[in-house]
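Q: Here's a structure for you.
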Amino acid sequence: MSPGGHAGLTGLATFADMKTFATLEELSTQVGQHVATSEWISVTQDQINLFAQATGDHQWIHVDVERAKAGPFGMPIAHGFLTLSLIPRFFDSAIAVTEARMGVNYGLNKVRFIAPVPVNSRLRAQLKLLASDPIDNGGRQQTWEVTVERDGSPKPVCVAESLARQYP
């Protein structure tokens with residue numbers, strides 16, 4: 001499972017540049033290295049509106065298209081937490097571990113929203129494995145540096161340290 005507890009690290013995704021590892025131990029040899037780059041994901045106004053509906057965060061810079069056009073960004077922008085919530089999808093498209101049968105999101109150590117994500121942006125993530133430590137039941141706790149990039153932007157939009165637990 002992906003660090004967010006999704007299908008990517010079980011090998012179910014089909015992204016052409018996906019990195020596949022047979023075991024959690026094999027993935028662990030990548031500590032300190034850039035492991036993978038995810039596929040691009042587009043962020044639409046519909047997604048932003050659905051996120052606002054799900055979270056109750058209806059701030060005008062996200063959901064009021066006309067007002068946002070006159071605002072500081074010239075258009076609506078995605079919620080920072082919407083960008084953060086894409087982390088499992090980034091992993092799903094980028095990394096597979098054949099032996100992983102289950103994964104859970106264990107949390108975050110640090111998150112920074114560095115730049116806005118204008119509506120209709122394309123995002124992808126650079127995934128660097130910072131640590132991989134043994135845990136109970138033959139599992140591993142992994143610490144990932146996730147750098148979310150916006151197509152056409154010189155700087156990342158989000159950098160997060162994500163923790164995941166995976167089990168064979």
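We label chains A, B, ... in the order they appear in the structure tokens, count residues from 1 in each chain, and number ligands from 1 in the order shown.
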Can you tell me, as a PyMOL selection string, what residues are no more than 9 Å from Thr37 (chain A) when counting only C-alpha atoms, ignoring any on the same chain fewer than 3 positions away?

A: chain A and resi 17-19+34+90-91+93-95+124-127

Q: How about saving the chosen residues, C-alpha atoms kept, as a CSV table (one decimal), in the first residue's frame?

A:
chain,number,residue,atom,x,y,z
A,17,ASP,CA,7.5,5.5,-14.6
A,18,MET,CA,6.4,3.6,-11.5
A,19,LYS,CA,9.2,2.2,-9.4
A,34,HIS,CA,15.0,10.4,-4.4
A,90,PHE,CA,1.0,10.7,-5.8
A,91,PHE,CA,2.3,7.6,-4.1
A,93,SER,CA,1.1,6.5,-9.3
A,94,ALA,CA,4.8,6.3,-8.4
A,95,ILE,CA,5.8,3.4,-6.1
A,124,ARG,CA,3.2,16.1,-9.2
A,125,ALA,CA,5.4,15.0,-6.3
A,126,GLN,CA,9.0,14.2,-5.9
A,127,LEU,CA,9.4,11.4,-3.3

Q: Would you kindly return, as a ChimeraX atom specification, each protein, DNA or RNA residue with an atom no farther than 12 Å from any atom of Cys158 (chain A), considering only C-alpha atoms and excluding same-chain residues fewer than 6 positions away?

A: /A:78-87,110-117,123-126,145-150

Q: Restricting it to N, CA and C atoms, dump the selection as a PDB file, in the first residue's frame.

A:
ATOM      1  N   ALA A  78      -6.560  26.375  -4.896  1.00  0.00           N
ATOM      2  CA  ALA A  78      -6.899  25.182  -4.117  1.00  0.00           C
ATOM      3  C   ALA A  78      -6.579  25.413  -2.641  1.00  0.00           C
ATOM      4  N   HIS A  79      -7.329  24.755  -1.786  1.00  0.00           N
ATOM      5  CA  HIS A  79      -7.025  24.740  -0.360  1.00  0.00           C
ATOM      6  C   HIS A  79      -5.658  24.077  -0.167  1.00  0.00           C
ATOM      7  N   GLY A  80      -4.887  24.558   0.787  1.00  0.00           N
ATOM      8  CA  GLY A  80      -3.622  23.887   1.101  1.00  0.00           C
ATOM      9  C   GLY A  80      -3.852  22.439   1.483  1.00  0.00           C
ATOM     10  N   PHE A  81      -4.896  22.203   2.263  1.00  0.00           N
ATOM     11  CA  PHE A  81      -5.157  20.828   2.692  1.00  0.00           C
ATOM     12  C   PHE A  81      -5.640  19.944   1.547  1.00  0.00           C
ATOM     13  N   LEU A  82      -6.223  20.532   0.507  1.00  0.00           N
ATOM     14  CA  LEU A  82      -6.545  19.749  -0.685  1.00  0.00           C
ATOM     15  C   LEU A  82      -5.243  19.276  -1.336  1.00  0.00           C
ATOM     16  N   THR A  83      -4.293  20.160  -1.472  1.00  0.00           N
ATOM     17  CA  THR A  83      -2.990  19.778  -2.022  1.00  0.00           C
ATOM     18  C   THR A  83      -2.380  18.661  -1.180  1.00  0.00           C
ATOM     19  N   LEU A  84      -2.412  18.810   0.125  1.00  0.00           N
ATOM     20  CA  LEU A  84      -1.859  17.803   1.028  1.00  0.00           C
ATOM     21  C   LEU A  84      -2.590  16.467   0.881  1.00  0.00           C
ATOM     22  N   SER A  85      -3.891  16.519   0.681  1.00  0.00           N
ATOM     23  CA  SER A  85      -4.673  15.279   0.587  1.00  0.00           C
ATOM     24  C   SER A  85      -4.389  14.499  -0.689  1.00  0.00           C
ATOM     25  N   LEU A  86      -3.666  15.078  -1.628  1.00  0.00           N
ATOM     26  CA  LEU A  86      -3.295  14.375  -2.857  1.00  0.00           C
ATOM     27  C   LEU A  86      -2.089  13.452  -2.665  1.00  0.00           C
ATOM     28  N   ILE A  87      -1.436  13.533  -1.526  1.00  0.00           N
ATOM     29  CA  ILE A  87      -0.239  12.712  -1.292  1.00  0.00           C
ATOM     30  C   ILE A  87      -0.490  11.230  -1.573  1.00  0.00           C
ATOM     31  N   LYS A 110       5.994  17.509   9.413  1.00  0.00           N
ATOM     32  CA  LYS A 110       6.134  18.917   9.057  1.00  0.00           C
ATOM     33  C   LYS A 110       5.468  19.146   7.707  1.00  0.00           C
ATOM     34  N   VAL A 111       4.768  20.264   7.576  1.00  0.00           N
ATOM     35  CA  VAL A 111       4.125  20.627   6.314  1.00  0.00           C
ATOM     36  C   VAL A 111       4.315  22.122   6.106  1.00  0.00           C
ATOM     37  N   ARG A 112       4.654  22.483   4.878  1.00  0.00           N
ATOM     38  CA  ARG A 112       4.734  23.887   4.508  1.00  0.00           C
ATOM     39  C   ARG A 112       4.043  24.080   3.164  1.00  0.00           C
ATOM     40  N   PHE A 113       3.166  25.087   3.094  1.00  0.00           N
ATOM     41  CA  PHE A 113       2.507  25.466   1.852  1.00  0.00           C
ATOM     42  C   PHE A 113       3.261  26.677   1.316  1.00  0.00           C
ATOM     43  N   ILE A 114       4.113  26.462   0.344  1.00  0.00           N
ATOM     44  CA  ILE A 114       5.072  27.460  -0.093  1.00  0.00           C
ATOM     45  C   ILE A 114       4.502  28.419  -1.132  1.00  0.00           C
ATOM     46  N   ALA A 115       3.637  27.916  -1.987  1.00  0.00           N
ATOM     47  CA  ALA A 115       3.086  28.742  -3.065  1.00  0.00           C
ATOM     48  C   ALA A 115       1.643  28.314  -3.330  1.00  0.00           C
ATOM     49  N   PRO A 116       0.819  29.220  -3.865  1.00  0.00           N
ATOM     50  CA  PRO A 116      -0.575  28.870  -4.147  1.00  0.00           C
ATOM     51  C   PRO A 116      -0.685  27.891  -5.318  1.00  0.00           C
ATOM     52  N   VAL A 117      -1.842  27.207  -5.354  1.00  0.00           N
ATOM     53  CA  VAL A 117      -2.165  26.287  -6.446  1.00  0.00           C
ATOM     54  C   VAL A 117      -3.387  26.855  -7.163  1.00  0.00           C
ATOM     55  N   LEU A 123      -0.193  19.191 -10.855  1.00  0.00           N
ATOM     56  CA  LEU A 123       0.741  18.947  -9.759  1.00  0.00           C
ATOM     57  C   LEU A 123       1.346  17.552  -9.879  1.00  0.00           C
ATOM     58  N   ARG A 124       2.557  17.428  -9.384  1.00  0.00           N
ATOM     59  CA  ARG A 124       3.190  16.118  -9.231  1.00  0.00           C
ATOM     60  C   ARG A 124       4.075  16.184  -7.999  1.00  0.00           C
ATOM     61  N   ALA A 125       4.555  15.030  -7.542  1.00  0.00           N
ATOM     62  CA  ALA A 125       5.386  14.999  -6.344  1.00  0.00           C
ATOM     63  C   ALA A 125       6.709  14.296  -6.606  1.00  0.00           C
ATOM     64  N   GLN A 126       7.742  14.851  -5.988  1.00  0.00           N
ATOM     65  CA  GLN A 126       9.047  14.206  -5.900  1.00  0.00           C
ATOM     66  C   GLN A 126       9.084  13.505  -4.546  1.00  0.00           C
ATOM     67  N   GLU A 145       9.983  12.551   2.380  1.00  0.00           N
ATOM     68  CA  GLU A 145       9.912  13.961   2.021  1.00  0.00           C
ATOM     69  C   GLU A 145       9.140  14.028   0.710  1.00  0.00           C
ATOM     70  N   VAL A 146       7.996  14.708   0.757  1.00  0.00           N
ATOM     71  CA  VAL A 146       7.137  14.838  -0.417  1.00  0.00           C
ATOM     72  C   VAL A 146       7.191  16.300  -0.858  1.00  0.00           C
ATOM     73  N   THR A 147       7.740  16.535  -2.038  1.00  0.00           N
ATOM     74  CA  THR A 147       7.838  17.881  -2.593  1.00  0.00           C
ATOM     75  C   THR A 147       6.858  17.976  -3.748  1.00  0.00           C
ATOM     76  N   VAL A 148       5.800  18.772  -3.551  1.00  0.00           N
ATOM     77  CA  VAL A 148       4.756  18.900  -4.569  1.00  0.00           C
ATOM     78  C   VAL A 148       5.101  20.081  -5.472  1.00  0.00           C
ATOM     79  N   GLU A 149       5.183  19.788  -6.766  1.00  0.00           N
ATOM     80  CA  GLU A 149       5.533  20.781  -7.764  1.00  0.00           C
ATOM     81  C   GLU A 149       4.308  21.138  -8.602  1.00  0.00           C
ATOM     82  N   ARG A 150       4.272  22.399  -9.043  1.00  0.00           N
ATOM     83  CA  ARG A 150       3.236  22.849  -9.978  1.00  0.00           C
ATOM     84  C   ARG A 150       3.881  23.055 -11.334  1.00  0.00           C
TER      85      ARG A 150
END

Q: Go through chain A and collect every residue that DSSP, computed from the backbone, puts in strand (DSSP E); the answer should be as number ranges by chain.

A: A: 19-21, 33-37, 41-43, 95-97, 102-113, 121-134, 140-150, 158-167

Q: Have a look at A:Val119, A:Tyr167, A:Met102, A:Trp40 and name the one nearest to Ile61 (chain A); count only C-alpha atoms.

A: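 Checking each of A:Val119, A:Tyr167, A:Met102, A:Trp40 against Ile61 (chain A), counting only C-alpha atoms, the winner is A:Val119.
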
Q: What is the CA of Asn109 (chain A)-CA of Leu27 (chain A) distance in Å, reported with one decimal?

A: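 Distance reported for this atom pair: 20.8 Å.
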
Q: When you look at Val43 (chain A) with a cut-off of 7 Å (counting only C-alpha atoms), what residues show up, excluding the ones that are within fewer than 5 positions of it in the same chain? I need them as a list in words.

A: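 With the cut-off at 7 Å, the set is Val119, Asn120, Ser121 and Arg122 of chain A.
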
Q: Using only C-alpha atoms, which protein or nucleic acid residues come within 12 Å of Leu163 (chain A)? Drop anything in the same chain fewer than 6 positions from it, and give the result as a ChimeraX atom specification.

A: /A:2-5,87-88,103-111,128-133,140-146

Q: Grab the residues selected above and save them as a compact mmCIF listing (two decimals), in the first residue's frame with C-alpha atoms.

A:
# COMPACT_ATOMS: atom_id res chain seq x y z
CA SER A 2 1.07 3.56 -0.50
CA PRO A 3 2.19 5.56 2.49
CA GLY A 4 -1.36 6.92 2.62
CA GLY A 5 -2.71 3.39 2.82
CA ILE A 87 -0.24 12.71 -1.29
CA PRO A 88 -1.77 9.19 -1.43
CA GLY A 103 -0.38 0.37 4.60
CA VAL A 104 -1.61 3.10 6.89
CA ASN A 105 -1.05 6.83 7.03
CA TYR A 106 0.77 7.39 10.32
CA GLY A 107 0.80 11.18 10.16
CA LEU A 108 2.98 14.12 9.27
CA ASN A 109 6.02 15.65 10.95
CA LYS A 110 6.13 18.92 9.06
CA VAL A 111 4.12 20.63 6.31
CA LYS A 128 12.47 11.03 -1.20
CA LEU A 129 12.75 8.28 1.42
CA LEU A 130 14.23 9.78 4.58
CA ALA A 131 13.95 6.75 6.90
CA SER A 132 12.64 3.20 7.00
CA ASP A 133 12.50 1.58 10.42
CA ARG A 140 8.30 -0.82 8.31
CA GLN A 141 7.66 2.77 9.29
CA GLN A 142 8.78 5.06 6.50
CA THR A 143 9.44 8.78 6.59
CA TRP A 144 9.07 10.48 3.21
CA GLU A 145 9.91 13.96 2.02
CA VAL A 146 7.14 14.84 -0.42

Q: So which residues of region 58-89 of chain A fall under helix (DSSP H, G or I) by DSSP, listed as a count of residues only?

A: 18
